[in-house]
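Below is run09.txt, holding compact mmCIF, C-alpha atoms.
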# COMPACT_ATOMS: atom_id res chain seq x y z
CA MET A 198 -16.77 -6.34 3.47
CA SER A 199 -17.38 -6.32 -0.31
CA GLU A 200 -14.81 -5.27 -2.89
CA ALA A 201 -16.83 -2.14 -3.70
CA ALA A 202 -17.04 -1.19 -0.03
CA VAL A 203 -13.27 -1.55 0.44
CA LYS A 204 -12.56 0.57 -2.63
CA ASN A 205 -15.10 3.21 -1.60
CA GLU A 206 -13.52 3.39 1.84
CA SER A 207 -10.08 3.92 0.30
CA VAL A 208 -11.42 6.59 -2.04
CA GLY A 209 -13.14 8.33 0.86
CA THR A 210 -9.93 8.30 2.90
CA VAL A 211 -7.99 9.85 0.02
CA VAL A 212 -10.65 12.51 -0.65
CA VAL A 213 -10.86 13.54 3.01
CA ALA A 214 -7.05 13.77 3.24
CA GLY A 215 -6.86 15.79 0.01
CA ALA A 216 -9.50 18.29 1.08
CA ALA A 217 -7.86 18.73 4.46
CA ASN A 218 -4.41 19.25 2.95
CA LEU A 219 -5.68 21.82 0.45
CA ALA A 220 -7.32 23.94 3.14
CA ILE A 221 -4.26 23.67 5.36
CA ALA A 222 -1.88 24.55 2.52
CA VAL A 223 -3.66 27.85 1.88
CA ALA A 224 -3.66 28.77 5.58
CA LYS A 225 0.02 27.88 6.00
CA LEU A 226 1.01 29.83 2.90
CA VAL A 227 -0.73 32.96 4.15
CA ALA A 228 0.82 32.55 7.61
CA GLY A 229 4.27 31.93 6.12
CA ILE A 230 4.13 35.03 3.95
CA LEU A 231 2.85 37.24 6.77
CA SER A 232 5.25 35.91 9.38
CA GLY A 233 8.28 35.33 7.19
CA SER A 234 8.87 31.96 8.85
CA ALA A 235 10.88 29.41 6.87
CA ALA A 236 9.27 26.55 8.79
CA MET A 237 5.78 27.82 7.97
CA LEU A 238 6.60 28.17 4.27
CA SER A 239 8.09 24.67 4.30
CA GLU A 240 4.92 23.39 5.95
CA ALA A 241 2.87 25.14 3.26
CA VAL A 242 4.85 23.37 0.54
CA HIS A 243 4.51 20.15 2.56
CA SER A 244 0.72 20.48 2.42
CA VAL A 245 0.77 21.37 -1.28
CA ALA A 246 2.84 18.25 -1.92
CA ASP A 247 0.41 16.18 0.14
CA THR A 248 -2.57 17.62 -1.77
CA THR A 249 -0.95 16.77 -5.11
CA THR A 250 -0.16 13.32 -3.77
CA GLU A 251 -3.82 12.75 -2.89
CA VAL A 252 -4.83 13.68 -6.46
CA LEU A 253 -2.34 11.15 -7.83
CA LEU A 254 -3.54 8.51 -5.36
CA TYR A 255 -7.12 9.16 -6.45
CA LEU A 256 -6.01 8.53 -10.04
CA ALA A 257 -4.27 5.38 -8.84
CA LEU A 258 -7.50 4.04 -7.34
CA ARG A 259 -9.63 4.89 -10.36
CA ARG A 260 -7.30 3.77 -13.14
CA GLY A 261 -6.12 0.67 -11.32
CA ALA A 262 -9.71 -0.50 -10.84
CA ARG A 263 -10.48 -0.76 -14.56
CA PRO A 264 -11.58 -4.27 -15.62
CA ALA A 265 -9.41 -6.60 -17.66
CA ASP A 266 -9.60 -6.44 -21.45
CA VAL A 267 -8.02 -8.17 -24.45
CA ARG A 268 -4.81 -6.11 -24.33
CA HIS A 269 -4.56 -6.33 -20.55
CA PRO A 270 -5.92 -9.77 -19.59
CA PHE A 271 -4.78 -9.42 -15.97
CA GLY A 272 -6.38 -6.00 -15.57
CA TYR A 273 -4.85 -2.63 -14.71
CA GLY A 274 -4.04 -3.18 -11.05
CA LYS A 275 -0.33 -2.48 -11.44
CA GLU A 276 -1.08 0.95 -12.94
CA SER A 277 -2.18 2.05 -9.48
CA TYR A 278 1.41 1.52 -8.33
CA VAL A 279 2.71 3.72 -11.15
CA TRP A 280 0.60 6.67 -9.99
CA ALA A 281 1.43 5.98 -6.35
CA PHE A 282 5.14 5.94 -7.25
CA LEU A 283 4.77 9.30 -9.03
CA ALA A 284 3.11 10.64 -5.89
CA ALA A 285 6.11 9.54 -3.82
CA LEU A 286 8.48 11.19 -6.31
CA PHE A 287 6.55 14.46 -6.12
CA THR A 288 6.78 14.42 -2.33
CA PHE A 289 10.53 13.78 -2.64
CA VAL A 290 11.26 16.51 -5.20
CA ALA A 291 8.78 19.27 -4.39
CA GLY A 292 8.19 18.88 -0.68
CA ALA A 293 11.53 17.71 0.67
CA GLY A 294 13.63 19.66 -1.83
CA PHE A 295 12.00 23.00 -1.08
CA ALA A 296 11.97 22.51 2.69
CA ILE A 297 15.67 21.64 2.91
CA THR A 298 16.92 24.34 0.53
CA HIS A 299 14.71 27.00 2.09
CA GLY A 300 15.87 26.00 5.56
CA VAL A 301 19.51 26.31 4.54
CA THR A 302 18.81 29.73 2.98
CA THR A 303 17.08 30.88 6.15
CA ILE A 304 20.03 29.88 8.31
CA LEU A 305 22.47 31.71 6.04
CA VAL A 306 20.72 34.94 5.06
CA HIS A 307 17.16 35.28 6.27
CA GLU A 308 15.90 37.53 9.04
CA HIS A 309 12.48 37.03 10.53
CA SER A 310 9.98 39.79 9.77
CA GLY A 311 6.37 39.47 10.85
CA ASP A 312 4.09 38.34 13.64
CA TYR A 313 4.55 34.94 15.25
CA LEU A 314 0.97 34.76 16.51
CA ILE A 315 -0.63 33.99 13.14
CA SER A 316 1.78 31.12 12.66
CA TYR A 317 0.86 29.60 16.01
CA VAL A 318 -2.86 29.90 15.24
CA VAL A 319 -2.49 28.24 11.83
CA LEU A 320 -0.34 25.47 13.29
CA ALA A 321 -2.97 24.72 15.94
CA VAL A 322 -5.85 24.69 13.44
CA SER A 323 -3.82 22.60 11.00
CA PHE A 324 -3.03 20.09 13.73
CA ALA A 325 -6.73 19.68 14.48
CA ILE A 326 -7.65 19.17 10.81
CA GLU A 327 -4.79 16.75 10.15
CA SER A 328 -5.84 14.79 13.23
CA VAL A 329 -9.31 14.27 11.74
CA SER A 330 -7.81 13.03 8.47
CA LEU A 331 -5.39 10.72 10.28
CA ALA A 332 -8.18 9.36 12.48
CA ARG A 333 -10.06 8.21 9.37
CA ALA A 334 -6.94 6.53 7.98
CA VAL A 335 -6.27 4.83 11.34
CA ARG A 336 -9.86 3.60 11.48
CA GLN A 337 -9.51 2.00 8.04
CA VAL A 338 -6.14 0.47 8.88
CA ARG A 339 -7.46 -1.04 12.12
CA GLY A 340 -10.59 -2.36 10.43
CA GLU A 341 -8.70 -4.05 7.62
CA SER A 342 -6.02 -5.44 9.93
CA ARG A 343 -8.74 -7.05 12.07
CA ARG A 344 -10.31 -8.64 8.99
CA TRP A 345 -6.95 -10.07 8.03
CA GLY A 346 -6.17 -11.27 11.54
CA THR A 347 -2.98 -9.26 11.87
CA THR A 348 -1.67 -6.17 13.65
CA PRO A 349 -2.06 -2.66 12.20
CA ARG A 350 1.72 -2.30 12.05
CA ARG A 351 2.15 -5.51 10.05
CA PHE A 352 -0.78 -4.58 7.82
CA LEU A 353 0.86 -1.26 6.94
CA ARG A 354 4.18 -2.94 6.25
CA LEU A 355 2.79 -5.63 3.94
CA THR A 356 -0.42 -4.26 2.46
CA ALA A 357 -0.69 -3.93 -1.30
CA ASP A 358 -3.15 -1.04 -0.91
CA THR A 359 -0.49 1.66 -1.09
CA THR A 360 -3.08 4.46 -1.12
CA VAL A 361 -4.09 3.71 2.47
CA LYS A 362 -0.45 3.35 3.44
CA ALA A 363 0.42 6.68 1.78
CA VAL A 364 -2.40 8.59 3.48
CA PHE A 365 -1.50 7.16 6.88
CA LEU A 366 2.21 7.97 6.55
CA GLU A 367 1.63 11.43 5.09
CA ASP A 368 -0.87 12.44 7.76
CA SER A 369 1.43 11.10 10.47
CA ALA A 370 4.35 13.02 8.95
CA ALA A 371 2.17 16.13 8.72
CA LEU A 372 1.42 16.06 12.45
CA ILE A 373 5.08 15.52 13.29
CA GLY A 374 6.03 18.34 10.90
CA LEU A 375 3.59 20.70 12.60
CA LEU A 376 5.16 19.94 15.97
CA ILE A 377 8.63 20.53 14.54
CA ALA A 378 7.54 23.83 13.02
CA GLY A 379 5.99 24.93 16.30
CA VAL A 380 9.14 24.12 18.26
CA GLY A 381 11.32 25.88 15.70
CA LEU A 382 9.17 29.01 15.79
CA GLY A 383 9.06 29.00 19.56
CA LEU A 384 12.83 28.72 19.90
CA SER A 385 13.41 31.43 17.29
CA GLN A 386 11.02 33.78 19.05
CA TRP A 387 12.54 33.01 22.45
CA THR A 388 16.17 33.38 21.39
CA GLY A 389 15.76 35.89 18.56
CA ASP A 390 17.86 33.59 16.37
CA GLU A 391 16.48 32.36 13.04
CA LEU A 392 18.79 29.33 13.22
CA PHE A 393 16.08 27.27 14.90
CA ASP A 394 13.46 28.22 12.31
CA GLY A 395 15.83 27.14 9.54
CA ILE A 396 16.70 23.88 11.32
CA ALA A 397 12.99 23.13 11.72
CA SER A 398 12.53 23.62 7.96
CA ILE A 399 15.40 21.21 7.22
CA LEU A 400 14.00 18.61 9.62
CA ILE A 401 10.61 18.83 7.91
CA GLY A 402 12.35 18.21 4.59
CA LEU A 403 14.19 15.19 5.97
CA LEU A 404 10.91 13.85 7.33
CA LEU A 405 9.40 14.09 3.87
CA LEU A 406 12.43 12.30 2.42
CA VAL A 407 11.85 9.36 4.75
CA VAL A 408 8.14 9.11 3.85
CA ALA A 409 8.86 9.41 0.12
CA ALA A 410 11.58 6.75 0.29
CA ILE A 411 9.30 4.28 2.13
CA LEU A 412 6.44 4.75 -0.34
CA ALA A 413 8.71 4.64 -3.41
CA ARG A 414 10.35 1.40 -2.23
CA SER A 415 6.97 -0.21 -1.55
CA ASN A 416 5.56 0.73 -4.96
CA ILE A 417 8.68 -0.38 -6.82
CA SER A 418 8.48 -3.78 -5.13
CA LEU A 419 4.85 -4.16 -6.19
CA LEU A 420 5.54 -2.98 -9.74
CA VAL A 421 8.27 -5.59 -10.12
CA GLY A 422 5.87 -8.28 -8.91
CA ARG A 423 5.75 -9.11 -5.22
CA ALA A 424 4.64 -12.44 -3.77
CA VAL A 425 2.05 -12.89 -1.05
CA PRO A 426 3.32 -13.14 2.55
CA GLU A 427 4.93 -16.39 3.61
CA ARG A 428 2.09 -17.35 5.95
CA LEU A 429 -0.51 -16.98 3.21
CA HIS A 430 1.83 -18.81 0.83
CA ARG A 431 1.88 -21.78 3.22
CA GLU A 432 -1.90 -21.74 3.63
CA ILE A 433 -2.45 -21.78 -0.15
CA GLU A 434 0.02 -24.66 -0.36
CA ARG A 435 -1.88 -26.58 2.32
CA GLU A 436 -5.18 -26.08 0.49
CA LEU A 437 -3.72 -27.46 -2.74
CA ALA A 438 -1.83 -30.31 -1.07
CA GLY A 439 -4.99 -31.28 0.82
CA LEU A 440 -6.86 -32.21 -2.37
CA PRO A 441 -7.64 -35.98 -2.40
CA THR A 442 -5.98 -36.69 -5.78
CA VAL A 443 -2.89 -34.51 -5.18
CA ASP A 444 0.30 -36.33 -4.23
CA ARG A 445 2.36 -33.18 -3.67
CA VAL A 446 2.78 -29.54 -4.74
CA ASP A 447 6.20 -29.28 -6.34
CA THR A 448 6.30 -25.53 -6.99
CA LEU A 449 4.00 -22.72 -5.84
CA LEU A 450 4.30 -19.18 -7.19
CA THR A 451 2.17 -16.17 -6.27
CA MET A 452 2.20 -12.57 -7.41
CA GLN A 453 0.34 -9.40 -6.49
CA LEU A 454 -1.22 -8.15 -9.73
CA GLY A 455 -2.72 -5.08 -8.08
CA PRO A 456 -4.29 -3.95 -4.81
CA ASP A 457 -7.24 -6.23 -5.57
CA ASP A 458 -5.76 -9.21 -7.39
CA ILE A 459 -3.51 -12.20 -6.68
CA LEU A 460 -2.21 -14.72 -9.18
CA VAL A 461 -1.52 -18.29 -8.04
CA ALA A 462 0.46 -20.71 -10.21
CA ALA A 463 1.52 -24.19 -9.12
CA LYS A 464 3.14 -27.33 -10.49
CA VAL A 465 1.10 -30.16 -9.00
CA ASP A 466 1.96 -33.86 -8.94
CA PHE A 467 -1.32 -35.80 -9.04
CA ARG A 468 -1.55 -39.41 -7.88
CA ASP A 469 -0.64 -41.96 -10.55
CA GLU A 470 -4.11 -43.50 -10.50
CA ALA A 471 -5.86 -40.13 -11.07
CA THR A 472 -7.83 -39.95 -14.32
CA GLY A 473 -8.43 -36.90 -16.48
CA ALA A 474 -11.83 -36.51 -14.84
CA ASP A 475 -10.20 -36.69 -11.41
CA ILE A 476 -7.77 -33.93 -12.36
CA GLU A 477 -10.61 -31.74 -13.66
CA ALA A 478 -12.53 -32.25 -10.42
CA ALA A 479 -9.43 -31.47 -8.35
CA ALA A 480 -8.85 -28.26 -10.32
CA ASP A 481 -12.44 -27.15 -9.69
CA GLU A 482 -12.13 -28.06 -6.01
CA ALA A 483 -8.86 -26.12 -5.70
CA GLU A 484 -10.53 -23.08 -7.18
CA ARG A 485 -13.50 -23.38 -4.85
CA ARG A 486 -11.37 -23.82 -1.73
CA LEU A 487 -9.09 -20.90 -2.49
CA THR A 488 -11.87 -18.48 -3.44
CA ASP A 489 -14.04 -19.45 -0.49
CA ARG A 490 -11.22 -18.66 1.92
CA TYR A 491 -9.50 -15.87 -0.05
CA PRO A 492 -11.82 -13.99 -2.45
CA GLU A 493 -8.81 -11.79 -3.26
CA ILE A 494 -7.30 -14.52 -5.44
CA GLY A 495 -8.20 -13.57 -9.00
CA TYR A 496 -6.35 -16.14 -11.10
CA VAL A 497 -5.29 -19.76 -10.53
CA PHE A 498 -3.13 -21.84 -12.87
CA LEU A 499 -2.33 -25.48 -12.05
CA ASP A 500 0.20 -27.42 -14.10
CA PRO A 501 -0.01 -31.22 -13.67
CA THR A 502 3.59 -32.40 -13.57
CA PRO A 503 5.61 -35.44 -12.41
CA SER A 504 7.29 -35.04 -9.02
CA LEU A 505 10.79 -33.61 -9.00
CA PRO A 506 13.53 -36.31 -8.89
CA GLY A 507 14.69 -37.14 -5.39
CA VAL A 508 11.95 -35.09 -3.71
CA THR A 509 9.70 -36.60 -1.05
CA GLY A 510 6.86 -35.25 1.04
CA ARG A 511 4.01 -32.93 0.13
CA HIS A 512 5.61 -29.50 0.51
CA ALA A 513 6.15 -27.12 -2.38
CA ARG A 514 9.64 -26.23 -3.52
CA ARG A 515 10.47 -22.82 -2.03
CA THR A 516 11.00 -20.23 -4.74
CA GLN A 517 9.82 -17.19 -2.77
CA GLN A 518 11.90 -16.15 0.19
CA GLU A 519 10.58 -12.67 0.92
CA PRO A 520 6.87 -12.26 1.70
CA GLY A 521 4.69 -9.59 0.14
CA PRO A 522 1.08 -8.39 0.46
CA VAL A 523 -2.09 -9.49 -1.21
CA GLY A 524 -5.16 -7.99 -2.80
CA ASP A 525 -8.70 -9.15 -3.69
CA ALA A 526 -10.78 -10.65 -6.49
CA PRO A 527 -12.82 -13.81 -7.20
CA LEU A 528 -11.63 -16.68 -9.33
CA GLY A 529 -12.88 -17.95 -12.61
CA THR A 530 -12.85 -21.49 -14.03
CA ALA A 531 -9.93 -23.90 -13.75
CA TYR A 532 -8.93 -26.46 -16.37
CA PRO A 533 -6.71 -29.53 -16.51
CA GLY A 534 -3.36 -29.48 -18.30
CA PRO A 535 -2.01 -26.05 -17.46
CA VAL A 536 -5.11 -25.16 -15.47
CA GLY A 537 -6.29 -21.56 -15.44
CA GLY A 538 -9.02 -19.28 -14.22
CA THR A 539 -10.69 -16.28 -15.79
CA ARG A 540 -11.92 -13.58 -13.50
CA PRO A 541 -15.54 -12.43 -13.30
CA ALA A 542 -16.18 -8.71 -13.41
CA ASP A 543 -17.31 -8.29 -9.83
CA GLY A 544 -16.86 -10.04 -6.52
CA PRO A 545 -16.18 -9.61 -2.81
CA SER A 546 -12.81 -8.72 -1.38
CA ASP A 547 -10.97 -8.01 1.82
CA GLN A 548 -7.34 -6.87 1.83
CA GLU A 549 -5.08 -9.30 3.64
CA PRO A 550 -1.38 -8.68 4.03
CA ASP A 551 -0.37 -11.84 5.80
CA GLY A 552 -3.14 -14.42 5.76
CA ARG A 553 -5.55 -15.53 8.41
CA GLY A 554 -5.31 -17.79 11.35
Once you've parsed the file, please lay out its structure as structure tokens.
Amino acid sequence: MSEAAVKNESVGTVVVAGAANLAIAVAKLVAGILSGSAAMLSEAVHSVADTTTEVLLYLALRRGARPADVRHPFGYGKESYVWAFLAALFTFVAGAGFAITHGVTTILVHEHSGDYLISYVVLAVSFAIESVSLARAVRQVRGESRRWGTTPRRFLRLTADTTVKAVFLEDSAALIGLLIAGVGLGLSQWTGDELFDGIASILIGLLLLVVAAILARSNISLLVGRAVPERLHREIERELAGLPTVDRVDTLLTMQLGPDDILVAAKVDFRDEATGADIEAAADEAERRLTDRYPEIGYVFLDPTPSLPGVTGRHARRTQQEPGPVGDAPLGTAYPGPVGGTRPADGPSDQEPDGRG
């Protein structure tokens, strides 16, 4: 699948989720006002928070996809994580904060006034709409996990495309929240005690806290600069070490520059008999091998260096202990000395969180 197709699929997933959440938010708000249910009002705020989140995620996709320029030679990929982090904060403050405080207020002072039926109808319709949105997100997650040769669960844990991850988690949380609201309403109607409605509202708030914390942690890690997963790290190392004129790879560093870009930097010990022309050819071959197998790699820098004292074998010195996800982008041209690549404007891509094989 091409880079444009992957991005369009992510944008489509976000747009579908946003439209669904907006329609549901209005319906829940009306039902909450008419029924006086704390859980329904919390669910309305939940959907408003999700709608706002989708807007921020849309901005993340658009602004993060801008091409590199003189002031930002590695592009704007990391800006997508800024907007995604703001989306997580909004869910934390607006959604979870309101749901928990309103639930506590309901338990202490509120008395139910209104018809339960409208709440049940809205919950059922909302569940159906949210299921459609989640089904699209699941389809994208399964498709991309198959392309990367991994499981959907591992893909979600390691992917650098936090927009897909956010939509999947938010839609899943929305369905769970609807079930919690329904149970809370049912128990309150059955017992005549608003305690259960208030507890349901608090549980919805706690659910939002968990989702917001997961997304915030993921985006912070990517903003700081996360490496590719360990399996992909080893495969990149093998490709470099397999070059005919390479004696060993002393140090290999990788970093996720954005959902669609990976940077690879390595200190390479070439064979003593290698000439300058041999090193140039090896740099070009390294670029070709890596881009053929992983179009997501956008930048490659090779630094010819003597082998570290007392080190034997062809394995790179381990400087990255915790794996991270990857993105997509083609390479440019490599050079001897510190060897680098400049990235063309367009190229194919497939998201891969943990490498192939």
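The smallest atom-to-atom distance between Thr356 in chain A and any of A:Ser232, A:Ser398, A:Ser342, A:Thr250, using all atoms listed in the file, is found for A:Ser342.
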| task | Considering only C-alpha atoms, return as a list in words whatever protein or nucleic-acid residues lie within 8 Å of Val279 in chain A, sequence-local ones (same chain, fewer than 6 positions apart) excluded. | result | Ala257, Asn416 and Leu420 of chain A
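Coordinates place CA of Ala217 in chain A at a distance of 22.5 Å from CA of Ala397 in chain A.
The nearest approach to Phe365 in chain A among the residues A:Arg343, A:Arg333, A:Arg445, A:His243, with all atoms listed in the file taken into account, belongs to A:Arg333.
Residues in contact range of Arg260 in chain A, defined as at most 8 Å between all atoms listed in the file, with sequence neighbours fewer than 2 positions away removed, read A:Leu256, A:Ala257, A:Leu258, A:Ala262, A:Arg263, A:Tyr273, A:Gly274, A:Glu276, A:Ser277.
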First collect every listed atom of range 210-216 of chain A; then fit an axis-aligned box around them, widen it by 5 Å on each side, and give centre and edge lengths in Å to one decimal, as JSON.
{"center_x": -8.9, "center_y": 13.3, "center_z": 1.3, "size_x": 14.0, "size_y": 20.0, "size_z": 13.9}
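Across the structure, CA of Ala483 in chain A and CA of Leu437 in chain A are spaced 6.1 Å apart.
Here CA of Ala321 in chain A and CA of Val223 in chain A stand 14.4 Å from one another.
Considering only C-alpha atoms, the residue among A:Leu412, A:Leu403, A:Ile494, A:Ala222 positioned nearest to Arg354 in chain A is A:Leu412.
Distances here use all atoms listed in the file; by that measure, the residue among A:Leu231, A:Tyr317, A:Phe287, A:Val446 closest to Arg468 in chain A is A:Val446.
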| note | The residue from A:Ala471, A:Ala291, A:Ile304, A:Leu372 with the smallest atom-to-atom distance to Leu406 in chain A, counting only C-alpha atoms, is A:Ala291
| task | Tell me, as a PyMOL selection string, which residues lie within 9 Å of Ala220 in chain A, counting all atoms listed in the file; anything in the same chain fewer than 4 positions away does not count. | result | chain A and resi 215-216+224-225+244+323
| query | Which residues come within 9 Å of Glu327 in chain A, counting only C-alpha atoms, excluding same-chain residues fewer than 2 positions away, as a list of chain:residue names? | reply | A:Ala214, A:Ala217, A:Asn218, A:Ile221, A:Val322, A:Ser323, A:Phe324, A:Ala325, A:Val329, A:Ser330, A:Leu331, A:Ala332, A:Asp368, A:Ser369, A:Ala371, A:Leu372
Would you mind exporting the chosen residues as a PDB file, in the frame of the given file, restricted to C-alpha atoms?
ATOM      1  CA  ALA A 214      -7.050  13.770   3.240  1.00  0.00           C
ATOM      2  CA  ALA A 217      -7.860  18.730   4.460  1.00  0.00           C
ATOM      3  CA  ASN A 218      -4.410  19.250   2.950  1.00  0.00           C
ATOM      4  CA  ILE A 221      -4.260  23.670   5.360  1.00  0.00           C
ATOM      5  CA  VAL A 322      -5.850  24.690  13.440  1.00  0.00           C
ATOM      6  CA  SER A 323      -3.820  22.600  11.000  1.00  0.00           C
ATOM      7  CA  PHE A 324      -3.030  20.090  13.730  1.00  0.00           C
ATOM      8  CA  ALA A 325      -6.730  19.680  14.480  1.00  0.00           C
ATOM      9  CA  VAL A 329      -9.310  14.270  11.740  1.00  0.00           C
ATOM     10  CA  SER A 330      -7.810  13.030   8.470  1.00  0.00           C
ATOM     11  CA  LEU A 331      -5.390  10.720  10.280  1.00  0.00           C
ATOM     12  CA  ALA A 332      -8.180   9.360  12.480  1.00  0.00           C
ATOM     13  CA  ASP A 368      -0.870  12.440   7.760  1.00  0.00           C
ATOM     14  CA  SER A 369       1.430  11.100  10.470  1.00  0.00           C
ATOM     15  CA  ALA A 371       2.170  16.130   8.720  1.00  0.00           C
ATOM     16  CA  LEU A 372       1.420  16.060  12.450  1.00  0.00           C
TER      17      LEU A 372
END
| request: Have a look at A:Glu341, A:Arg268, A:Val364, A:Phe282 and name the one nearest to Thr248 in chain A; count only C-alpha atoms. | output: A:Val364
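With distances taken from (6.1, 17.0, 8.4) and restricted to all atoms listed in the file, the residues inside 7 Å are Glu240, His243, Ala370, Ala371, Leu372, Ile373, Gly374, Leu375, Ile401, Leu404 and Leu405 of chain A.
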| field | Exercise: Gly272 in chain A partners within 12 Å, only C-alpha atoms, chain neighbours under 2 positions left out, as number ranges by chain | value | A: 260-270, 274-277, 453-460, 495-496, 526, 539-542
| message | With 12 Å as the threshold, what does the neighbourhood of (9.8, 29.0, 20.2) contain in terms of residues, counting all atoms listed in the file? Coordinates are those of the file; answer as a PyMOL selection string. | response | chain A and resi 234+236+313-314+316-317+376-394+397
Keeping only C-alpha atoms, take the residues you just selected and write them out as a CSV table (one decimal), in the frame of the given file.
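So selection.csv came out as:
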chain,number,residue,atom,x,y,z
A,234,SER,CA,8.9,32.0,8.8
A,236,ALA,CA,9.3,26.6,8.8
A,313,TYR,CA,4.6,34.9,15.2
A,314,LEU,CA,1.0,34.8,16.5
A,316,SER,CA,1.8,31.1,12.7
A,317,TYR,CA,0.9,29.6,16.0
A,376,LEU,CA,5.2,19.9,16.0
A,377,ILE,CA,8.6,20.5,14.5
A,378,ALA,CA,7.5,23.8,13.0
A,379,GLY,CA,6.0,24.9,16.3
A,380,VAL,CA,9.1,24.1,18.3
A,381,GLY,CA,11.3,25.9,15.7
A,382,LEU,CA,9.2,29.0,15.8
A,383,GLY,CA,9.1,29.0,19.6
A,384,LEU,CA,12.8,28.7,19.9
A,385,SER,CA,13.4,31.4,17.3
A,386,GLN,CA,11.0,33.8,19.0
A,387,TRP,CA,12.5,33.0,22.4
A,388,THR,CA,16.2,33.4,21.4
A,389,GLY,CA,15.8,35.9,18.6
A,390,ASP,CA,17.9,33.6,16.4
A,391,GLU,CA,16.5,32.4,13.0
A,392,LEU,CA,18.8,29.3,13.2
A,393,PHE,CA,16.1,27.3,14.9
A,394,ASP,CA,13.5,28.2,12.3
A,397,ALA,CA,13.0,23.1,11.7
Because some atoms of range 382-387 of chain A are absent here, can you restore all heavy atoms and send them as a PDB file, in the coordinates of the input?
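Result written to out.pdb:
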ATOM      1  N   LEU A 382       9.650  27.628  15.634  1.00  0.00           N
ATOM      2  CA  LEU A 382       9.170  29.010  15.790  1.00  0.00           C
ATOM      3  C   LEU A 382       9.334  29.494  17.221  1.00  0.00           C
ATOM      4  O   LEU A 382       9.763  30.629  17.466  1.00  0.00           O
ATOM      5  CB  LEU A 382       7.696  29.087  15.374  1.00  0.00           C
ATOM      6  CG  LEU A 382       7.398  29.137  13.874  1.00  0.00           C
ATOM      7  CD1 LEU A 382       5.897  29.029  13.644  1.00  0.00           C
ATOM      8  CD2 LEU A 382       7.927  30.425  13.263  1.00  0.00           C
ATOM      9  N   GLY A 383       8.964  28.615  18.151  1.00  0.00           N
ATOM     10  CA  GLY A 383       9.060  29.000  19.560  1.00  0.00           C
ATOM     11  C   GLY A 383      10.488  29.314  19.979  1.00  0.00           C
ATOM     12  O   GLY A 383      10.743  30.315  20.665  1.00  0.00           O
ATOM     13  N   LEU A 384      11.436  28.482  19.560  1.00  0.00           N
ATOM     14  CA  LEU A 384      12.830  28.720  19.900  1.00  0.00           C
ATOM     15  C   LEU A 384      13.377  29.976  19.222  1.00  0.00           C
ATOM     16  O   LEU A 384      14.157  30.730  19.826  1.00  0.00           O
ATOM     17  CB  LEU A 384      13.676  27.494  19.505  1.00  0.00           C
ATOM     18  CG  LEU A 384      13.458  26.232  20.347  1.00  0.00           C
ATOM     19  CD1 LEU A 384      14.247  25.073  19.774  1.00  0.00           C
ATOM     20  CD2 LEU A 384      13.851  26.483  21.801  1.00  0.00           C
ATOM     21  N   SER A 385      12.960  30.215  17.987  1.00  0.00           N
ATOM     22  CA  SER A 385      13.410  31.430  17.290  1.00  0.00           C
ATOM     23  C   SER A 385      12.870  32.678  17.966  1.00  0.00           C
ATOM     24  O   SER A 385      13.581  33.680  18.128  1.00  0.00           O
ATOM     25  CB  SER A 385      12.974  31.389  15.823  1.00  0.00           C
ATOM     26  OG  SER A 385      13.672  30.399  15.109  1.00  0.00           O
ATOM     27  N   GLN A 386      11.603  32.639  18.370  1.00  0.00           N
ATOM     28  CA  GLN A 386      11.020  33.780  19.050  1.00  0.00           C
ATOM     29  C   GLN A 386      11.675  34.002  20.420  1.00  0.00           C
ATOM     30  O   GLN A 386      11.948  35.138  20.828  1.00  0.00           O
ATOM     31  CB  GLN A 386       9.519  33.584  19.225  1.00  0.00           C
ATOM     32  CG  GLN A 386       8.820  34.782  19.860  1.00  0.00           C
ATOM     33  CD  GLN A 386       7.331  34.563  20.011  1.00  0.00           C
ATOM     34  OE1 GLN A 386       6.850  33.435  19.913  1.00  0.00           O
ATOM     35  NE2 GLN A 386       6.585  35.640  20.234  1.00  0.00           N
ATOM     36  N   TRP A 387      11.964  32.924  21.111  1.00  0.00           N
ATOM     37  CA  TRP A 387      12.540  33.010  22.450  1.00  0.00           C
ATOM     38  C   TRP A 387      13.983  33.517  22.421  1.00  0.00           C
ATOM     39  O   TRP A 387      14.385  34.344  23.235  1.00  0.00           O
ATOM     40  CB  TRP A 387      12.465  31.637  23.115  1.00  0.00           C
ATOM     41  CG  TRP A 387      12.980  31.609  24.522  1.00  0.00           C
ATOM     42  CD1 TRP A 387      12.716  32.511  25.508  1.00  0.00           C
ATOM     43  CD2 TRP A 387      13.858  30.639  25.090  1.00  0.00           C
ATOM     44  NE1 TRP A 387      13.358  32.161  26.668  1.00  0.00           N
ATOM     45  CE2 TRP A 387      14.069  31.007  26.442  1.00  0.00           C
ATOM     46  CE3 TRP A 387      14.451  29.478  24.604  1.00  0.00           C
ATOM     47  CZ2 TRP A 387      14.881  30.256  27.294  1.00  0.00           C
ATOM     48  CZ3 TRP A 387      15.237  28.731  25.455  1.00  0.00           C
ATOM     49  CH2 TRP A 387      15.460  29.141  26.792  1.00  0.00           C
TER      50      TRP A 387
END
